[in-house]
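Shown next: model22.cif, containing mmCIF, C-alpha atoms.
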```
data_data
#
loop_
_atom_site.group_PDB
_atom_site.id
_atom_site.type_symbol
_atom_site.label_atom_id
_atom_site.label_comp_id
_atom_site.auth_asym_id
_atom_site.auth_seq_id
_atom_site.Cartn_x
_atom_site.Cartn_y
_atom_site.Cartn_z
ATOM 1 C CA MET A 392 127.986 91.757 89.983
ATOM 2 C CA THR A 393 129.007 91.208 86.352
ATOM 3 C CA ALA A 394 130.732 87.893 87.154
ATOM 4 C CA LEU A 395 127.558 86.683 88.877
ATOM 5 C CA SER A 396 125.515 87.843 85.902
ATOM 6 C CA TYR A 397 127.638 85.811 83.489
ATOM 7 C CA ALA A 398 127.405 82.795 85.808
ATOM 8 C CA GLU A 399 123.602 82.992 85.705
ATOM 9 C CA LEU A 400 123.257 83.121 81.912
ATOM 10 C CA PRO A 401 123.244 79.305 81.472
ATOM 11 C CA VAL A 402 120.015 79.112 83.483
ATOM 12 C CA LEU A 403 118.400 81.663 81.186
ATOM 13 C CA ASP A 404 119.827 79.915 78.127
ATOM 14 C CA TRP A 405 118.164 76.692 79.293
ATOM 15 C CA PHE A 406 114.810 78.463 79.358
ATOM 16 C CA GLN A 407 115.438 79.436 75.747
ATOM 17 C CA THR A 408 115.545 75.727 74.845
ATOM 18 C CA ILE A 409 111.979 75.103 76.053
ATOM 19 C CA HIS A 410 110.286 77.925 74.159
ATOM 20 C CA ASN A 411 107.029 76.941 72.510
ATOM 21 C CA PRO A 412 103.866 78.816 71.505
ATOM 22 C CA VAL A 413 101.946 77.907 74.694
ATOM 23 C CA PHE A 414 104.708 78.970 77.099
ATOM 24 C CA ASP A 415 105.469 82.043 74.970
ATOM 25 C CA GLY A 416 101.833 83.130 75.126
ATOM 26 C CA LEU A 417 101.534 82.541 78.872
ATOM 27 C CA ALA A 418 104.751 84.455 79.622
ATOM 28 C CA GLN A 419 103.680 87.350 77.406
ATOM 29 C CA ILE A 420 100.254 87.518 79.082
ATOM 30 C CA LEU A 421 101.877 87.575 82.531
ATOM 31 C CA ASP A 422 104.214 90.327 81.351
ATOM 32 C CA VAL A 423 101.356 92.498 80.102
ATOM 33 C CA VAL A 424 98.853 92.030 82.960
ATOM 34 C CA ASN A 425 101.507 92.931 85.493
ATOM 35 C CA GLY A 426 103.524 95.497 83.564
ATOM 36 C CA HIS A 427 103.497 97.969 86.446
ATOM 37 C CA GLY A 428 101.511 95.980 88.964
ATOM 38 C CA GLU A 429 98.212 96.828 87.255
ATOM 39 C CA ILE A 430 96.509 93.535 88.069
ATOM 40 C CA PHE A 431 97.332 93.882 91.758
ATOM 41 C CA ILE A 432 96.363 97.554 91.851
ATOM 42 C CA LEU A 433 93.016 96.649 90.290
ATOM 43 C CA ILE A 434 92.374 93.790 92.720
ATOM 44 C CA SER A 435 93.321 95.994 95.679
ATOM 45 C CA ALA A 436 90.990 98.742 94.447
ATOM 46 C CA LEU A 437 88.141 96.257 94.065
ATOM 47 C CA LEU A 438 88.758 94.951 97.580
ATOM 48 C CA LEU A 439 88.609 98.520 98.891
ATOM 49 C CA LEU A 440 85.165 99.058 97.339
ATOM 50 C CA TYR A 441 83.431 96.270 99.245
ATOM 51 C CA LYS A 442 83.138 96.786 103.019
ATOM 52 C CA PRO A 443 83.784 93.150 104.076
ATOM 53 C CA THR A 444 87.064 93.121 102.105
ATOM 54 C CA ARG A 445 88.108 96.724 102.746
ATOM 55 C CA LYS A 446 90.711 95.857 105.375
ATOM 56 C CA ALA A 447 92.303 93.285 103.037
ATOM 57 C CA GLY A 448 92.298 95.953 100.323
ATOM 58 C CA LEU A 449 94.103 98.362 102.645
ATOM 59 C CA ILE A 450 96.701 95.732 103.499
ATOM 60 C CA CYS A 451 97.254 94.833 99.843
ATOM 61 C CA ALA A 452 97.426 98.475 98.720
ATOM 62 C CA THR A 453 99.901 99.243 101.501
ATOM 63 C CA ALA A 454 102.059 96.284 100.444
ATOM 64 C CA LEU A 455 102.082 97.581 96.862
ATOM 65 C CA ILE A 456 103.096 101.065 98.002
ATOM 66 C CA PHE A 457 105.885 99.680 100.205
ATOM 67 C CA ASP A 458 107.046 97.521 97.296
ATOM 68 C CA TYR A 459 107.126 100.434 94.865
ATOM 69 C CA LEU A 460 109.088 102.623 97.268
ATOM 70 C CA LEU A 461 111.575 99.921 98.248
ATOM 71 C CA VAL A 462 112.111 98.108 94.957
ATOM 72 C CA ASN A 463 111.520 100.620 92.184
ATOM 73 C CA MET A 464 112.521 103.845 93.873
ATOM 74 C CA THR A 465 115.370 102.620 96.066
ATOM 75 C CA ILE A 466 116.990 99.264 95.288
ATOM 76 C CA LYS A 467 116.826 99.180 91.473
ATOM 77 C CA PRO A 468 118.556 102.555 90.955
ATOM 78 C CA TRP A 469 121.032 101.866 93.746
ATOM 79 C CA VAL A 470 122.139 98.440 92.434
ATOM 80 C CA ALA A 471 121.817 99.459 88.746
ATOM 81 C CA ARG A 472 122.256 95.930 87.392
ATOM 82 C CA ILE A 473 122.116 95.604 83.622
ATOM 83 C CA ARG A 474 119.588 93.274 82.026
ATOM 84 C CA PRO A 475 120.590 89.807 80.778
ATOM 85 C CA TYR A 476 119.653 90.625 77.179
ATOM 86 C CA ASP A 477 122.170 93.496 77.345
ATOM 87 C CA LEU A 478 124.855 91.029 78.433
ATOM 88 C CA ASN A 479 123.850 88.502 75.764
ATOM 89 C CA PRO A 480 122.635 90.491 72.749
ATOM 90 C CA LEU A 481 122.304 87.320 70.668
ATOM 91 C CA VAL A 482 119.062 86.359 72.395
ATOM 92 C CA THR A 483 115.804 87.236 70.652
ATOM 93 C CA LEU A 484 113.275 88.713 73.062
ATOM 94 C CA ILE A 485 109.613 87.808 72.649
ATOM 95 C CA THR A 486 108.504 90.783 74.719
ATOM 96 C CA GLU A 487 109.272 94.463 74.804
ATOM 97 C CA ALA A 488 112.630 95.094 76.442
ATOM 98 C CA PRO A 489 112.290 96.797 79.841
ATOM 99 C CA HIS A 490 114.388 99.935 80.138
ATOM 100 C CA ASP A 491 114.959 100.070 83.886
ATOM 101 C CA PHE A 492 117.502 98.104 85.879
ATOM 102 C CA SER A 493 117.342 94.376 86.497
ATOM 103 C CA PHE A 494 117.772 93.802 90.250
ATOM 104 C CA PRO A 495 115.411 93.003 91.830
ATOM 105 C CA SER A 496 112.625 91.871 89.525
ATOM 106 C CA GLY A 497 109.817 94.393 89.942
ATOM 107 C CA HIS A 498 107.212 92.058 88.425
ATOM 108 C CA THR A 499 108.172 89.324 90.865
ATOM 109 C CA ALA A 500 108.408 91.700 93.824
ATOM 110 C CA VAL A 501 104.940 93.169 93.356
ATOM 111 C CA ALA A 502 103.440 89.695 92.883
ATOM 112 C CA PHE A 503 105.046 88.438 96.107
ATOM 113 C CA ALA A 504 104.112 91.624 97.993
ATOM 114 C CA PHE A 505 100.490 91.021 97.045
ATOM 115 C CA ALA A 506 100.744 87.300 97.831
ATOM 116 C CA ALA A 507 102.099 87.968 101.319
ATOM 117 C CA ALA A 508 99.413 90.590 101.946
ATOM 118 C CA ALA A 509 96.760 88.192 100.624
ATOM 119 C CA ALA A 510 97.363 86.069 103.718
ATOM 120 C CA SER A 511 94.903 88.490 105.323
ATOM 121 C CA MET A 512 92.178 87.002 103.094
ATOM 122 C CA GLY A 513 92.714 83.410 104.152
ATOM 123 C CA ARG A 514 94.542 80.331 102.990
ATOM 124 C CA LYS A 515 92.862 79.954 99.582
ATOM 125 C CA ALA A 516 93.558 83.546 98.455
ATOM 126 C CA HIS A 517 97.081 83.348 99.828
ATOM 127 C CA THR A 518 97.809 80.046 98.056
ATOM 128 C CA LEU A 519 96.396 81.219 94.719
ATOM 129 C CA SER A 520 98.285 84.496 94.798
ATOM 130 C CA LEU A 521 101.485 82.731 95.852
ATOM 131 C CA ALA A 522 101.168 80.316 92.908
ATOM 132 C CA PHE A 523 100.631 83.301 90.602
ATOM 133 C CA ALA A 524 103.701 85.022 92.076
ATOM 134 C CA CYS A 525 105.831 81.928 91.436
ATOM 135 C CA LEU A 526 104.627 81.780 87.825
ATOM 136 C CA MET A 527 105.456 85.463 87.488
ATOM 137 C CA GLY A 528 109.009 84.864 88.663
ATOM 138 C CA ILE A 529 109.520 81.936 86.300
ATOM 139 C CA SER A 530 108.124 83.962 83.393
ATOM 140 C CA ARG A 531 110.773 86.660 83.983
ATOM 141 C CA LEU A 532 113.496 84.037 83.477
ATOM 142 C CA TYR A 533 111.702 82.532 80.484
ATOM 143 C CA LEU A 534 111.472 85.977 78.844
ATOM 144 C CA TYR A 535 115.228 86.549 79.418
ATOM 145 C CA VAL A 536 114.593 89.877 81.137
ATOM 146 C CA HIS A 537 115.865 88.901 84.618
ATOM 147 C CA TYR A 538 118.572 86.773 86.189
ATOM 148 C CA PRO A 539 117.653 84.104 88.746
ATOM 149 C CA THR A 540 119.020 86.265 91.577
ATOM 150 C CA ASP A 541 116.794 89.138 90.385
ATOM 151 C CA VAL A 542 113.755 86.885 90.760
ATOM 152 C CA LEU A 543 114.887 85.603 94.164
ATOM 153 C CA GLY A 544 115.551 89.183 95.264
ATOM 154 C CA GLY A 545 112.121 90.235 94.001
ATOM 155 C CA ALA A 546 110.478 87.384 95.903
ATOM 156 C CA PHE A 547 112.380 88.319 99.070
ATOM 157 C CA PHE A 548 111.757 92.072 98.972
ATOM 158 C CA GLY A 549 108.159 91.645 97.834
ATOM 159 C CA THR A 550 107.421 89.223 100.657
ATOM 160 C CA LEU A 551 109.079 91.623 103.090
ATOM 161 C CA CYS A 552 106.803 94.448 101.890
ATOM 162 C CA GLY A 553 103.695 92.277 102.187
ATOM 163 C CA MET A 554 104.654 91.170 105.682
ATOM 164 C CA ALA A 555 105.396 94.772 106.689
ATOM 165 C CA ALA A 556 101.916 95.797 105.492
ATOM 166 C CA LEU A 557 100.334 92.939 107.458
ATOM 167 C CA PHE A 558 102.288 93.939 110.559
ATOM 168 C CA LEU A 559 101.423 97.634 110.194
ATOM 169 C CA TRP A 560 97.679 97.028 109.794
ATOM 170 C CA LYS A 561 97.666 94.500 112.623
ATOM 171 C CA LYS A 562 99.183 97.133 114.914
ATOM 172 C CA ILE A 563 96.721 99.775 113.706
ATOM 173 C CA SER A 564 93.805 97.357 114.233
ATOM 174 C CA GLU A 565 94.976 96.531 117.736
ATOM 175 C CA ARG A 566 95.341 100.210 118.558
ATOM 176 C CA ASP A 567 92.100 101.447 116.963
ATOM 177 C CA LYS A 568 90.027 98.245 117.096
ATOM 178 C CA ILE A 569 89.226 98.543 113.366
#
```
Would it be possible to restate this file's structure as structure tokens?
Amino acid sequence: MTALSYAELPVLDWFQTIHNPVFDGLAQILDVVNGHGEIFILISALLLLYKPTRKAGLICATALIFDYLLVNMTIKPWVARIRPYDLNPLVTLITEAPHDFSFPSGHTAVAFAFAAAAASMGRKAHTLSLAFACLMGISRLYLYVHYPTDVLGGAFFGTLCGMAALFLWKKISERDKI
């Protein structure tokens, strides 16, 4: 995986050429609001509180749990990919350096897990959350904390978790007529 990592550095180096205060601020905000999926945990909890959105909250919360178990507890430690800033120590980070492994991007995965689960709330919610998830993935490259394949992997595994949650709750609803 090291050869692939080196091959991906030019993409990250390009992002370094477009740094400016507006993009820096946006990327740092995205990093903070989704440090451990907090924004999506909060939204899911709020959905659970209101009866008309409770089922969507269950789907979203389930997607987040699946994502945590698959990405953070299983794939990241198994692949154990080093971060791009460890491979290129000359880069100056504008965010706090994460201390876990790089593949897949956890920030991207949780955002895509939520976006896929948000399909249960209709097209508008799904589209907005998908746009946010895409911005999250791009911000991980901009911040030099993930390789492009980390972000693609995060999008894939996150979407898989969201779809699994949708499928699970659809089957439960069909069985129990929730």
Output check: residues returned by the PyMOL selection byres ((chain A and resi 502-517) around 8), as a CSV table (one decimal) with C-alpha atoms, keeping the file's coordinate frame:
```csv
chain,number,residue,atom,x,y,z
A,428,GLY,CA,101.5,96.0,89.0
A,431,PHE,CA,97.3,93.9,91.8
A,447,ALA,CA,92.3,93.3,103.0
A,450,ILE,CA,96.7,95.7,103.5
A,451,CYS,CA,97.3,94.8,99.8
A,454,ALA,CA,102.1,96.3,100.4
A,455,LEU,CA,102.1,97.6,96.9
A,458,ASP,CA,107.0,97.5,97.3
A,498,HIS,CA,107.2,92.1,88.4
A,499,THR,CA,108.2,89.3,90.9
A,500,ALA,CA,108.4,91.7,93.8
A,501,VAL,CA,104.9,93.2,93.4
A,518,THR,CA,97.8,80.0,98.1
A,519,LEU,CA,96.4,81.2,94.7
A,520,SER,CA,98.3,84.5,94.8
A,521,LEU,CA,101.5,82.7,95.9
A,523,PHE,CA,100.6,83.3,90.6
A,524,ALA,CA,103.7,85.0,92.1
A,527,MET,CA,105.5,85.5,87.5
A,545,GLY,CA,112.1,90.2,94.0
A,546,ALA,CA,110.5,87.4,95.9
A,547,PHE,CA,112.4,88.3,99.1
A,548,PHE,CA,111.8,92.1,99.0
A,549,GLY,CA,108.2,91.6,97.8
A,550,THR,CA,107.4,89.2,100.7
A,551,LEU,CA,109.1,91.6,103.1
A,552,CYS,CA,106.8,94.4,101.9
A,553,GLY,CA,103.7,92.3,102.2
A,554,MET,CA,104.7,91.2,105.7
A,556,ALA,CA,101.9,95.8,105.5
A,557,LEU,CA,100.3,92.9,107.5
```
**Message:** What does the structure give for the distance between atom CA of A:Lys467 and atom CA of A:Lys562, in Å to one decimal?
**Reply:** 29.4 Å
Within 10 Å of A:Pro468, counting all atoms listed in the file, which residues show up once you throw out same-chain ones fewer than 6 positions away? Write them as a short mmCIF file (atom, residue, chain, number, x, y, z; two decimals) with C-alpha atoms, keeping the file's coordinate frame, please.
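Printed below is out12.cif as written:
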```
data_model
loop_
_atom_site.label_atom_id
_atom_site.label_comp_id
_atom_site.auth_asym_id
_atom_site.auth_seq_id
_atom_site.Cartn_x
_atom_site.Cartn_y
_atom_site.Cartn_z
CA VAL A 462 112.11 98.11 94.96
CA ASP A 491 114.96 100.07 83.89
CA PHE A 492 117.50 98.10 85.88
CA SER A 493 117.34 94.38 86.50
CA PHE A 494 117.77 93.80 90.25
#
```
**Prompt:** How far is it from atom CA of A:Glu487 to atom CA of A:Met464, in Å with one decimal?
**Reply:**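 Atom-to-atom, atom CA of A:Glu487 to atom CA of A:Met464, that is 21.5 Å.
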For the structure shown, which residues end up in the PyMOL selection byres ((chain A and resi 420-426) around 8)? Put them as a compact mmCIF listing (two decimals) with C-alpha atoms, in the coordinates of the input, please?
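result.txt was written with the following content:
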```
# COMPACT_ATOMS: atom_id res chain seq x y z
CA GLY A 416 101.83 83.13 75.13
CA LEU A 417 101.53 82.54 78.87
CA ALA A 418 104.75 84.46 79.62
CA GLN A 419 103.68 87.35 77.41
CA HIS A 427 103.50 97.97 86.45
CA GLY A 428 101.51 95.98 88.96
CA GLU A 429 98.21 96.83 87.26
CA ILE A 430 96.51 93.54 88.07
CA PHE A 431 97.33 93.88 91.76
CA THR A 486 108.50 90.78 74.72
CA HIS A 498 107.21 92.06 88.42
CA MET A 527 105.46 85.46 87.49
CA SER A 530 108.12 83.96 83.39
CA ARG A 531 110.77 86.66 83.98
```
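The residue that comes closest to A:Ser564, out of A:Lys446, A:Ala398, A:Asn479, A:Asn411 and on the basis of only C-alpha atoms, is A:Lys446.
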**Message:** With distances taken over all atoms listed in the file, which residue among A:Phe414, A:Tyr459, A:Tyr533, A:Tyr538 lies nearest A:Arg472?
**Reply:** A:Tyr538
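From atom CA of A:Asp541 back to atom CA of A:Gly448, the distance works out to 27.3 Å.
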**Asked** Using the chain letters and numbers from the file, which residues does the PyMOL selection byres ((chain A and resi 407) around 10) grab, as a ChimeraX atom specification?
**Response** /A:401-406,408-411,482-484,532-535
**Prompt:** So which one's closest to A:Ala488, A:Pro475, A:Glu565, A:Leu438, A:Thr465? Using all atoms listed in the file, please.
**Reply:** A:Pro475
**Request:** Find, counting all atoms listed in the file, the residue in A:Pro480, A:Pro539, A:Gly528, A:Pro412 that gets nearest to A:Gly497.
**Result:**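 Selected residue with least distance to A:Gly497: A:Gly528.
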Box along x, y and z, 3 Å on every side, all listed atoms of stretch 413-426 of chain A inside: centre and edge lengths in Å to one decimal, as lines of an AutoDock Vina configuration file.
```
center_x = 102.2
center_y = 86.7
center_z = 80.1
size_x = 12.6
size_y = 23.6
size_z = 16.8
```
**Request:** Name the closest residue to A:His490 among the candidates A:Ile434, A:Thr453, A:Val536, A:Trp469; distances are taken between atoms, counting all atoms listed in the file.
**Result:** A:Val536
**Asked** Could you pull the residues within 9 Å of stretch 393-395 of chain A, counting only C-alpha atoms, minus those fewer than 5 positions along the same chain, as a ChimeraX atom specification?
**Response** /A:400,472-473,478,540
**Residue nearest A:Asp415 among A:Leu437, A:Ala452, A:Val542, A:Ile485 (counting all atoms listed in the file)** =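 Ranking A:Leu437, A:Ala452, A:Val542, A:Ile485 by distance to A:Asp415, first place goes to A:Ile485.
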Any chance you could model N, CA and C atoms for stretch 516-540 of chain A and send them as a tab-separated table (two decimals), keeping the file's coordinate frame?
```
chain	number	residue	atom	x	y	z
A	516	ALA	N	93.08	82.36	99.17
A	516	ALA	CA	93.56	83.55	98.46
A	516	ALA	C	95.08	83.63	98.51
A	517	HIS	N	95.63	83.30	99.67
A	517	HIS	CA	97.08	83.35	99.83
A	517	HIS	C	97.75	82.32	98.92
A	518	THR	N	97.23	81.11	98.88
A	518	THR	CA	97.81	80.05	98.06
A	518	THR	C	97.72	80.38	96.57
A	519	LEU	N	96.56	80.86	96.14
A	519	LEU	CA	96.40	81.22	94.72
A	519	LEU	C	97.33	82.35	94.31
A	520	SER	N	97.42	83.36	95.14
A	520	SER	CA	98.28	84.50	94.80
A	520	SER	C	99.76	84.11	94.88
A	521	LEU	N	100.11	83.21	95.78
A	521	LEU	CA	101.48	82.73	95.85
A	521	LEU	C	101.85	81.92	94.61
A	522	ALA	N	100.94	81.08	94.14
A	522	ALA	CA	101.17	80.32	92.91
A	522	ALA	C	101.35	81.27	91.72
A	523	PHE	N	100.51	82.30	91.67
A	523	PHE	CA	100.63	83.30	90.60
A	523	PHE	C	101.99	84.01	90.68
A	524	ALA	N	102.41	84.34	91.89
A	524	ALA	CA	103.70	85.02	92.08
A	524	ALA	C	104.86	84.14	91.61
A	525	CYS	N	104.79	82.85	91.89
A	525	CYS	CA	105.83	81.93	91.44
A	525	CYS	C	105.87	81.85	89.92
A	526	LEU	N	104.69	81.78	89.30
A	526	LEU	CA	104.63	81.78	87.82
A	526	LEU	C	105.21	83.07	87.26
A	527	MET	N	104.93	84.18	87.93
A	527	MET	CA	105.46	85.46	87.49
A	527	MET	C	106.98	85.44	87.50
A	528	GLY	N	107.56	84.93	88.57
A	528	GLY	CA	109.01	84.86	88.66
A	528	GLY	C	109.61	83.99	87.57
A	529	ILE	N	109.02	82.84	87.34
A	529	ILE	CA	109.52	81.94	86.30
A	529	ILE	C	109.40	82.59	84.92
A	530	SER	N	108.31	83.31	84.70
A	530	SER	CA	108.12	83.96	83.39
A	530	SER	C	109.21	85.00	83.12
A	531	ARG	N	109.72	85.65	84.16
A	531	ARG	CA	110.77	86.66	83.98
A	531	ARG	C	112.07	86.01	83.49
A	532	LEU	N	112.33	84.78	83.95
A	532	LEU	CA	113.50	84.04	83.48
A	532	LEU	C	113.26	83.57	82.05
A	533	TYR	N	112.08	83.05	81.80
A	533	TYR	CA	111.70	82.53	80.48
A	533	TYR	C	111.82	83.63	79.42
A	534	LEU	N	111.43	84.85	79.78
A	534	LEU	CA	111.47	85.98	78.84
A	534	LEU	C	112.88	86.57	78.69
A	535	TYR	N	113.83	86.10	79.48
A	535	TYR	CA	115.23	86.55	79.42
A	535	TYR	C	115.37	88.02	79.82
A	536	VAL	N	114.51	88.48	80.71
A	536	VAL	CA	114.59	89.88	81.14
A	536	VAL	C	115.13	90.02	82.56
A	537	HIS	N	115.31	88.89	83.26
A	537	HIS	CA	115.86	88.90	84.62
A	537	HIS	C	116.75	87.69	84.85
A	538	TYR	N	117.73	87.87	85.72
A	538	TYR	CA	118.57	86.77	86.19
A	538	TYR	C	117.86	86.05	87.33
A	539	PRO	N	118.26	84.81	87.61
A	539	PRO	CA	117.65	84.10	88.75
A	539	PRO	C	117.76	84.87	90.07
A	540	THR	N	118.90	85.52	90.32
A	540	THR	CA	119.02	86.26	91.58
A	540	THR	C	118.12	87.50	91.60
```
